[in-house]
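> The file below is coords-v1.cif, mmCIF, C-alpha atoms and all ligand atoms:
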data_query
loop_
_atom_site.group_PDB
_atom_site.id
_atom_site.type_symbol
_atom_site.label_atom_id
_atom_site.label_comp_id
_atom_site.auth_asym_id
_atom_site.auth_seq_id
_atom_site.Cartn_x
_atom_site.Cartn_y
_atom_site.Cartn_z
ATOM 1 C CA MET A 1 18.452 -5.701 5.312
ATOM 2 C CA THR A 2 15.548 -7.830 6.391
ATOM 3 C CA LEU A 3 12.470 -9.163 4.660
ATOM 4 C CA LEU A 4 9.395 -8.316 6.712
ATOM 5 C CA ARG A 5 6.242 -10.423 6.969
ATOM 6 C CA ILE A 6 3.374 -8.937 4.981
ATOM 7 C CA ARG A 7 0.106 -8.850 6.943
ATOM 8 C CA THR A 8 -3.006 -9.912 5.062
ATOM 9 C CA TYR A 9 -6.694 -9.155 5.492
ATOM 10 C CA PRO A 10 -8.413 -9.446 7.980
ATOM 11 C CA ASP A 11 -5.386 -8.646 10.195
ATOM 12 C CA PRO A 12 -6.630 -5.813 12.478
ATOM 13 C CA VAL A 13 -3.358 -3.867 12.052
ATOM 14 C CA LEU A 14 -4.581 -3.011 8.530
ATOM 15 C CA ARG A 15 -7.498 -1.055 10.081
ATOM 16 C CA VAL A 16 -5.490 1.123 12.479
ATOM 17 C CA ARG A 17 -5.033 4.842 11.807
ATOM 18 C CA CYS A 18 -1.239 5.307 11.789
ATOM 19 C CA GLU A 19 0.695 7.789 13.938
ATOM 20 C CA PRO A 20 2.941 10.439 12.366
ATOM 21 C CA VAL A 21 6.682 9.834 12.672
ATOM 22 C CA ALA A 22 8.194 12.343 15.125
ATOM 23 C CA ALA A 23 11.776 12.256 13.821
ATOM 24 C CA VAL A 24 13.404 10.657 10.785
ATOM 25 C CA ASP A 25 16.211 8.772 12.536
ATOM 26 C CA ASP A 26 18.300 5.683 11.732
ATOM 27 C CA GLU A 27 15.572 3.353 13.003
ATOM 28 C CA VAL A 28 13.054 4.913 10.607
ATOM 29 C CA ARG A 29 15.579 4.729 7.714
ATOM 30 C CA ARG A 30 16.211 1.051 8.468
ATOM 31 C CA LEU A 31 12.472 0.346 8.438
ATOM 32 C CA LEU A 32 12.066 2.238 5.115
ATOM 33 C CA ASP A 33 14.910 0.175 3.606
ATOM 34 C CA ASP A 34 13.435 -3.105 4.892
ATOM 35 C CA MET A 35 10.038 -2.081 3.502
ATOM 36 C CA LEU A 36 11.561 -1.369 0.096
ATOM 37 C CA GLU A 37 13.329 -4.733 0.055
ATOM 38 C CA THR A 38 10.096 -6.468 1.124
ATOM 39 C CA MET A 39 8.135 -4.625 -1.598
ATOM 40 C CA TYR A 40 10.603 -5.598 -4.356
ATOM 41 C CA ALA A 41 10.655 -9.218 -3.178
ATOM 42 C CA ALA A 42 6.857 -9.538 -3.000
ATOM 43 C CA PRO A 43 6.843 -8.170 -5.786
ATOM 44 C CA GLY A 44 4.788 -4.997 -5.511
ATOM 45 C CA ILE A 45 4.879 -1.376 -6.661
ATOM 46 C CA GLY A 46 4.124 0.091 -3.242
ATOM 47 C CA LEU A 47 4.034 -0.820 0.439
ATOM 48 C CA ALA A 48 2.732 0.998 3.516
ATOM 49 C CA ALA A 49 4.003 0.411 7.074
ATOM 50 C CA PRO A 50 0.760 -1.158 8.400
ATOM 51 C CA GLN A 51 1.236 -3.928 5.816
ATOM 52 C CA VAL A 52 4.302 -4.997 7.777
ATOM 53 C CA GLY A 53 2.570 -4.532 11.125
ATOM 54 C CA VAL A 54 3.825 -1.021 11.933
ATOM 55 C CA SER A 55 1.218 1.686 12.655
ATOM 56 C CA ARG A 56 3.341 4.654 11.562
ATOM 57 C CA ARG A 57 3.001 6.981 8.567
ATOM 58 C CA LEU A 58 5.644 5.470 6.247
ATOM 59 C CA VAL A 59 5.281 4.496 2.583
ATOM 60 C CA VAL A 60 7.611 3.131 -0.101
ATOM 61 C CA VAL A 61 6.826 3.092 -3.831
ATOM 62 C CA ASP A 62 8.535 2.218 -7.110
ATOM 63 C CA VAL A 63 6.402 2.121 -10.258
ATOM 64 C CA SER A 64 9.378 2.141 -12.668
ATOM 65 C CA GLU A 65 9.868 -0.650 -15.202
ATOM 66 C CA ASP A 66 13.459 -1.319 -14.065
ATOM 67 C CA LYS A 67 12.703 -1.048 -10.333
ATOM 68 C CA ASN A 68 15.315 1.670 -9.946
ATOM 69 C CA GLU A 69 13.188 4.667 -8.924
ATOM 70 C CA PRO A 70 12.447 4.031 -5.234
ATOM 71 C CA LEU A 71 10.524 6.623 -3.249
ATOM 72 C CA GLN A 72 10.519 6.587 0.543
ATOM 73 C CA LEU A 73 7.933 8.875 2.121
ATOM 74 C CA VAL A 74 7.542 9.889 5.761
ATOM 75 C CA ASN A 75 4.272 11.518 6.948
ATOM 76 C CA PRO A 76 2.977 11.931 3.364
ATOM 77 C CA GLU A 77 -0.086 14.136 2.852
ATOM 78 C CA ILE A 78 -2.127 14.840 -0.257
ATOM 79 C CA ILE A 79 -2.208 18.633 -0.619
ATOM 80 C CA TRP A 80 -4.022 18.702 -3.972
ATOM 81 C CA ARG A 81 -6.004 16.243 -6.066
ATOM 82 C CA SER A 82 -7.276 16.773 -9.617
ATOM 83 C CA ASP A 83 -11.028 17.076 -10.095
ATOM 84 C CA GLU A 84 -10.623 14.665 -12.962
ATOM 85 C CA CYS A 85 -10.911 10.999 -11.958
ATOM 86 C CA GLU A 86 -9.807 7.734 -13.489
ATOM 87 C CA VAL A 87 -10.940 4.149 -12.975
ATOM 88 C CA ALA A 88 -8.357 1.352 -13.069
ATOM 89 C CA GLU A 89 -7.827 -2.101 -11.658
ATOM 90 C CA GLU A 90 -6.008 -2.401 -8.323
ATOM 91 C CA GLY A 91 -4.562 -5.214 -6.321
ATOM 92 C CA CYS A 92 -3.082 -5.262 -2.822
ATOM 93 C CA LEU A 93 -0.358 -7.379 -1.239
ATOM 94 C CA SER A 94 -2.628 -7.582 1.826
ATOM 95 C CA LEU A 95 -5.488 -9.041 -0.265
ATOM 96 C CA PRO A 96 -3.596 -11.500 -2.471
ATOM 97 C CA GLU A 97 -5.184 -12.674 -5.708
ATOM 98 C CA ILE A 98 -8.174 -10.354 -5.796
ATOM 99 C CA TYR A 99 -8.491 -7.301 -8.021
ATOM 100 C CA GLY A 100 -11.057 -4.550 -8.378
ATOM 101 C CA GLU A 101 -11.693 -1.386 -10.366
ATOM 102 C CA VAL A 102 -11.216 1.722 -8.214
ATOM 103 C CA GLN A 103 -11.996 5.351 -9.039
ATOM 104 C CA ARG A 104 -9.274 7.774 -7.953
ATOM 105 C CA ALA A 105 -8.116 11.304 -8.729
ATOM 106 C CA ARG A 106 -6.136 11.330 -11.982
ATOM 107 C CA ALA A 107 -3.340 13.409 -10.437
ATOM 108 C CA VAL A 108 -2.235 14.348 -6.916
ATOM 109 C CA ARG A 109 0.271 16.610 -5.220
ATOM 110 C CA LEU A 110 1.944 15.323 -2.058
ATOM 111 C CA ARG A 111 3.930 16.859 0.766
ATOM 112 C CA TYR A 112 6.219 14.533 2.737
ATOM 113 C CA LEU A 113 9.551 14.186 4.508
ATOM 114 C CA ASP A 114 12.307 12.281 2.683
ATOM 115 C CA ARG A 115 14.756 9.898 4.417
ATOM 116 C CA GLU A 116 16.904 12.838 5.479
ATOM 117 C CA GLY A 117 13.918 14.539 7.102
ATOM 118 C CA THR A 118 13.752 17.234 4.404
ATOM 119 C CA LEU A 119 10.284 18.559 3.536
ATOM 120 C CA ARG A 120 9.486 17.853 -0.119
ATOM 121 C CA GLU A 121 6.623 18.014 -2.589
ATOM 122 C CA LEU A 122 5.834 15.694 -5.464
ATOM 123 C CA GLU A 123 3.224 15.836 -8.228
ATOM 124 C CA ALA A 124 2.162 12.531 -9.757
ATOM 125 C CA GLU A 125 -0.241 11.193 -12.362
ATOM 126 C CA GLY A 126 -0.956 7.840 -13.946
ATOM 127 C CA LEU A 127 0.144 4.707 -12.084
ATOM 128 C CA LEU A 128 2.257 6.656 -9.566
ATOM 129 C CA ALA A 129 -0.728 8.830 -8.570
ATOM 130 C CA ARG A 130 -2.871 5.704 -8.222
ATOM 131 C CA CYS A 131 -0.287 3.849 -6.173
ATOM 132 C CA LEU A 132 0.320 6.830 -3.864
ATOM 133 C CA GLN A 133 -3.412 7.218 -3.177
ATOM 134 C CA HIS A 134 -3.647 3.463 -2.472
ATOM 135 C CA GLU A 135 -0.680 3.656 -0.047
ATOM 136 C CA LEU A 136 -1.913 6.784 1.741
ATOM 137 C CA ASP A 137 -5.268 5.048 2.272
ATOM 138 C CA HIS A 138 -3.395 2.253 4.107
ATOM 139 C CA LEU A 139 -2.093 4.837 6.615
ATOM 140 C CA ASP A 140 -5.726 5.585 7.546
ATOM 141 C CA GLY A 141 -6.750 1.928 7.723
ATOM 142 C CA VAL A 142 -8.476 2.032 4.331
ATOM 143 C CA LEU A 143 -8.231 -0.789 1.763
ATOM 144 C CA PHE A 144 -9.067 -0.650 -1.955
ATOM 145 C CA ILE A 145 -12.133 -2.842 -1.403
ATOM 146 C CA ASP A 146 -13.609 -0.031 0.719
ATOM 147 C CA HIS A 147 -13.978 2.029 -2.475
ATOM 148 C CA LEU A 148 -16.127 -0.601 -4.211
ATOM 149 C CA THR A 149 -19.906 -0.924 -4.074
ATOM 150 C CA PRO A 150 -21.045 -3.226 -1.222
ATOM 151 C CA VAL A 151 -22.182 -5.816 -3.773
ATOM 152 C CA ARG A 152 -18.818 -5.866 -5.533
ATOM 153 C CA ARG A 153 -16.910 -5.837 -2.223
ATOM 154 C CA ASN A 154 -18.854 -8.781 -0.818
ATOM 155 C CA LEU A 155 -18.369 -10.742 -4.025
ATOM 156 C CA LEU A 156 -14.589 -10.195 -3.911
ATOM 157 C CA LEU A 157 -14.404 -10.974 -0.175
ATOM 158 C CA ARG A 158 -16.257 -14.261 -0.668
ATOM 159 C CA LYS A 159 -13.801 -15.159 -3.439
ATOM 160 C CA TYR A 160 -10.903 -14.081 -1.192
ATOM 161 C CA ARG A 161 -12.019 -16.227 1.766
ATOM 162 C CA LYS A 162 -12.438 -19.193 -0.536
ATOM 163 C CA LEU A 163 -8.929 -18.691 -1.944
ATOM 164 C CA GLN A 164 -7.512 -18.312 1.596
ATOM 165 C CA ARG A 165 -9.142 -21.575 2.708
ATOM 166 C CA GLY A 166 -7.446 -23.305 -0.228
ATOM 167 C CA GLN A 167 -4.083 -21.739 0.644
ATOM 168 C CA ARG A 168 -4.324 -22.761 4.305
ATOM 169 C CA ALA A 169 -5.306 -26.329 3.406
ATOM 170 C CA LYS A 170 -2.254 -26.558 1.138
ATOM 171 C CA LYS A 171 0.086 -25.229 3.862
ATOM 172 C CA THR A 172 -1.094 -27.632 6.581
ATOM 173 C CA GLU A 173 -1.437 -30.657 4.321
ATOM 174 C CA PRO A 174 1.207 -33.301 5.056
ATOM 175 C CA ALA A 175 3.677 -33.815 2.200
ATOM 176 C CA GLY A 176 2.427 -36.326 -0.340
ATOM 177 C CA ALA A 177 -1.106 -36.336 1.068
HETATM 178 O O1 LIG A 201 1.676 -4.005 -5.970
HETATM 179 C C1 LIG A 201 0.662 -3.312 -5.982
HETATM 180 N N1 LIG A 201 0.067 -3.011 -7.160
HETATM 181 C C2 LIG A 201 -0.917 -2.064 -7.317
HETATM 182 C C3 LIG A 201 -1.604 -2.015 -8.511
HETATM 183 C C4 LIG A 201 -2.588 -1.078 -8.724
HETATM 184 C C5 LIG A 201 -2.881 -0.164 -7.752
HETATM 185 C C6 LIG A 201 -2.231 -0.203 -6.536
HETATM 186 C C7 LIG A 201 -1.242 -1.138 -6.314
HETATM 187 S S1 LIG A 201 -0.393 -1.158 -4.825
HETATM 188 C C8 LIG A 201 0.055 -2.842 -4.718
HETATM 189 C C9 LIG A 201 0.949 -3.095 -3.515
HETATM 190 C C10 LIG A 201 0.189 -2.782 -2.249
HETATM 191 O O2 LIG A 201 -0.631 -3.504 -1.769
HETATM 192 N N2 LIG A 201 0.437 -1.627 -1.701
HETATM 193 O O3 LIG A 201 -0.238 -1.245 -0.614
HETATM 194 NI NI NI A 202 -2.129 -2.291 -0.670
#
Output the file's structure as C-alpha cells, nothing else.


Amino acid sequence: MTLLRIRTYPDPVLRVRCEPVAAVDDEVRRLLDDMLETMYAAPGIGLAAPQVGVSRRLVVVDVSEDKNEPLQLVNPEIIWRSDECEVAEEGCLSLPEIYGEVQRARAVRLRYLDREGTLRELEAEGLLARCLQHELDHLDGVLFIDHLTPVRRNLLLRKYRKLQRGQRAKKTEPAGA
C-alpha cells in the first residue's frame, strides 16, 4: 500500500466535479485501499478522492474509536436527508488547522457501490452522517468553508493563509537559521 499526497486549498483539483467510476476493478480497489491508509495516517475520519488529486467519485470513512470500521464507497449518492439539521464543528485535511461550525442534515441515507461493485444502501446519523455529507461535497468540488457566511469564511481564509505562510517559511528555512 502507498501513502498518497494530500492536496490542500487552494489546489484547483479540490474544485473539480468528479466523474463517476465506470467499473469497480482492481485499480479502483487499490486506490480505495491507498486512500484508507492515507486517511488513517493523516489522521482523519474521512477522505475523498479529489483530496489525493483524483477526480473520481470515491470516498473512504472510518468514524469508529478503534479505527476498525472502514467504509469504502464508490459513486455514493444521498437518496434521503432528514429535515432536521444539526450544527457542529468541522475540519478538513485539505484546510489544515482551521475549523468552522457547519449546519448539515442530522441523518442521511446513501446509495453506493462497495469494493465488490455491489449496490448497497446505508443510513447514518451523528458523526458518520456529518462526515459522509462532508466527503460527498468534496466529490462536487465543495469545501466546508463554502457553507459558512462570507464574513466567517473570509476570516477563516485569512487565518489559513497566515498559517500557510508560517508553514512554508519553516519548510524552506535552512537548518539552524
Ligand atoms: O478528519 C476529518 N474530520 C472531520 C471532522 C468533522 C467533520 C468532517 C470531518 S472530515 C475530516 C477529513 C476530511 O477532510 N475529509 O474530507
Ligand atoms: Ni475534507

> Smallest atom-to-atom distance to ligand NI 202 (chain A): which of A:Gly46, A:Pro20, A:Pro10, A:Pro150, using only C-alpha atoms and all ligand atoms?

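With only C-alpha atoms and all ligand atoms as the atom set, the closest residue is A:Gly46.
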
> Around ligand NI 202 (chain A), out to 7 Å and counting only C-alpha atoms and all ligand atoms, which residues are there? I want them as a ChimeraX atom specification.

/A:47,91-94,134-135,138,143

> Once the PyMOL selection byres (((not hetatm)) within 10 of (chain A and resi 201)) has been applied to the shown file, what residues remain in the selection, as a PyMOL selection string?

chain A and resi 6+8+39-40+42-51+59-63+88-96+99-102+127-139+143-144

> Excluding region 159-164 of chain A and its own-chain neighbours fewer than 3 positions away, which residues fall within 10 Å of it when counting only C-alpha atoms? Please give them as a ChimeraX atom specification.

/A:9-10,95-99,153-156,167-170

> What box, with edges along x, y and z, holds each listed atom of region 57-71 of chain A when 6 Å is added on every side, and can you state its centre and edge lengths in Å to one decimal, as JSON?


{"center_x": 9.2, "center_y": 2.8, "center_z": -3.3, "size_x": 24.3, "size_y": 20.3, "size_z": 35.8}

> When you draw a straight line from CA of Gln72 (chain A) to CA of Val16 (chain A), how long is it in Å?

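Straight-line distance from CA of Gln72 (chain A) to CA of Val16 (chain A) works out to 20.7 Å.
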
> Rounded to one decimal in Å, what is the spacing between CA of Thr2 (chain A) and CA of Glu37 (chain A)?

7.4 Å

> I need the output of the PyMOL selection byres (((chain A and resi 103) around 6) and not hetatm) for this file as a short mmCIF file (atom, residue, chain, number, x, y, z; two decimals) with C-alpha atoms, in the coordinates of the input; which residues are they?


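Saved result, out_37.cif, follows:
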data_model
loop_
_atom_site.label_atom_id
_atom_site.label_comp_id
_atom_site.auth_asym_id
_atom_site.auth_seq_id
_atom_site.Cartn_x
_atom_site.Cartn_y
_atom_site.Cartn_z
CA GLU A 86 -9.81 7.73 -13.49
CA VAL A 87 -10.94 4.15 -12.98
CA VAL A 102 -11.22 1.72 -8.21
CA ARG A 104 -9.27 7.77 -7.95
#

> Report the distance between CA of Lys67 (chain A) and CA of Arg81 (chain A) in Å, rounded to one decimal place.

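So the two atoms, CA of Lys67 (chain A) and CA of Arg81 (chain A), lie 25.8 Å apart.
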
> Identify the residues around (10.0, 17.0, -3.7) within a radius of 12 Å, measuring from only C-alpha atoms in the coordinates stated by the file, and give them as a PyMOL selection string.

chain A and resi 71-73+76+109-115+117-124

> Output C-alpha atoms of each residue in that selection to a file, as an mmCIF file, keeping the file's coordinate frame.


data_model
loop_
_atom_site.group_PDB
_atom_site.id
_atom_site.type_symbol
_atom_site.label_atom_id
_atom_site.label_comp_id
_atom_site.auth_asym_id
_atom_site.auth_seq_id
_atom_site.Cartn_x
_atom_site.Cartn_y
_atom_site.Cartn_z
ATOM 1 C CA LEU A 71 10.524 6.623 -3.249
ATOM 2 C CA GLN A 72 10.519 6.587 0.543
ATOM 3 C CA LEU A 73 7.933 8.875 2.121
ATOM 4 C CA PRO A 76 2.977 11.931 3.364
ATOM 5 C CA ARG A 109 0.271 16.610 -5.220
ATOM 6 C CA LEU A 110 1.944 15.323 -2.058
ATOM 7 C CA ARG A 111 3.930 16.859 0.766
ATOM 8 C CA TYR A 112 6.219 14.533 2.737
ATOM 9 C CA LEU A 113 9.551 14.186 4.508
ATOM 10 C CA ASP A 114 12.307 12.281 2.683
ATOM 11 C CA ARG A 115 14.756 9.898 4.417
ATOM 12 C CA GLY A 117 13.918 14.539 7.102
ATOM 13 C CA THR A 118 13.752 17.234 4.404
ATOM 14 C CA LEU A 119 10.284 18.559 3.536
ATOM 15 C CA ARG A 120 9.486 17.853 -0.119
ATOM 16 C CA GLU A 121 6.623 18.014 -2.589
ATOM 17 C CA LEU A 122 5.834 15.694 -5.464
ATOM 18 C CA GLU A 123 3.224 15.836 -8.228
ATOM 19 C CA ALA A 124 2.162 12.531 -9.757
#

> Find the residues near Ser82 (chain A): any atom within 7 Å, counting only C-alpha atoms, skip ones fewer than 2 places away on the same chain, and give them as an MDAnalysis selection string.

chainID A and resid 80 84 105:108

> Write the residues of the preceding selection, restricted to C-alpha atoms, as a short mmCIF file (atom, residue, chain, number, x, y, z; two decimals), in the coordinates of the input.


data_model
loop_
_atom_site.label_atom_id
_atom_site.label_comp_id
_atom_site.auth_asym_id
_atom_site.auth_seq_id
_atom_site.Cartn_x
_atom_site.Cartn_y
_atom_site.Cartn_z
CA TRP A 80 -4.02 18.70 -3.97
CA GLU A 84 -10.62 14.66 -12.96
CA ALA A 105 -8.12 11.30 -8.73
CA ARG A 106 -6.14 11.33 -11.98
CA ALA A 107 -3.34 13.41 -10.44
CA VAL A 108 -2.24 14.35 -6.92
#

> Could you pull out every residue with an atom within 12 Å of (-8.5, -2.0, 14.3), file coordinates, counting only C-alpha atoms, and send them as a ChimeraX atom specification?

/A:9-18,50,53,55,140-142

> Using the selection just defined, write its residues with C-alpha atoms as a PDB file, in the coordinates of the input.


ATOM      1  CA  TYR A   9      -6.694  -9.155   5.492  1.00  0.00           C
ATOM      2  CA  PRO A  10      -8.413  -9.446   7.980  1.00  0.00           C
ATOM      3  CA  ASP A  11      -5.386  -8.646  10.195  1.00  0.00           C
ATOM      4  CA  PRO A  12      -6.630  -5.813  12.478  1.00  0.00           C
ATOM      5  CA  VAL A  13      -3.358  -3.867  12.052  1.00  0.00           C
ATOM      6  CA  LEU A  14      -4.581  -3.011   8.530  1.00  0.00           C
ATOM      7  CA  ARG A  15      -7.498  -1.055  10.081  1.00  0.00           C
ATOM      8  CA  VAL A  16      -5.490   1.123  12.479  1.00  0.00           C
ATOM      9  CA  ARG A  17      -5.033   4.842  11.807  1.00  0.00           C
ATOM     10  CA  CYS A  18      -1.239   5.307  11.789  1.00  0.00           C
ATOM     11  CA  PRO A  50       0.760  -1.158   8.400  1.00  0.00           C
ATOM     12  CA  GLY A  53       2.570  -4.532  11.125  1.00  0.00           C
ATOM     13  CA  SER A  55       1.218   1.686  12.655  1.00  0.00           C
ATOM     14  CA  ASP A 140      -5.726   5.585   7.546  1.00  0.00           C
ATOM     15  CA  GLY A 141      -6.750   1.928   7.723  1.00  0.00           C
ATOM     16  CA  VAL A 142      -8.476   2.032   4.331  1.00  0.00           C
TER      17      VAL A 142
END

> When the PyMOL selection byres (((chain A and resi 32) around 8) and not hetatm) is applied to the structure above, which residues does it catch, written out as a list in words?

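Checked against the file, the PyMOL selection byres (((chain A and resi 32) around 8) and not hetatm) matches Val28, Arg29, Arg30, Leu31, Asp33, Asp34, Met35, Leu36, Leu58, Val59, Val60 and Gln72 of chain A.
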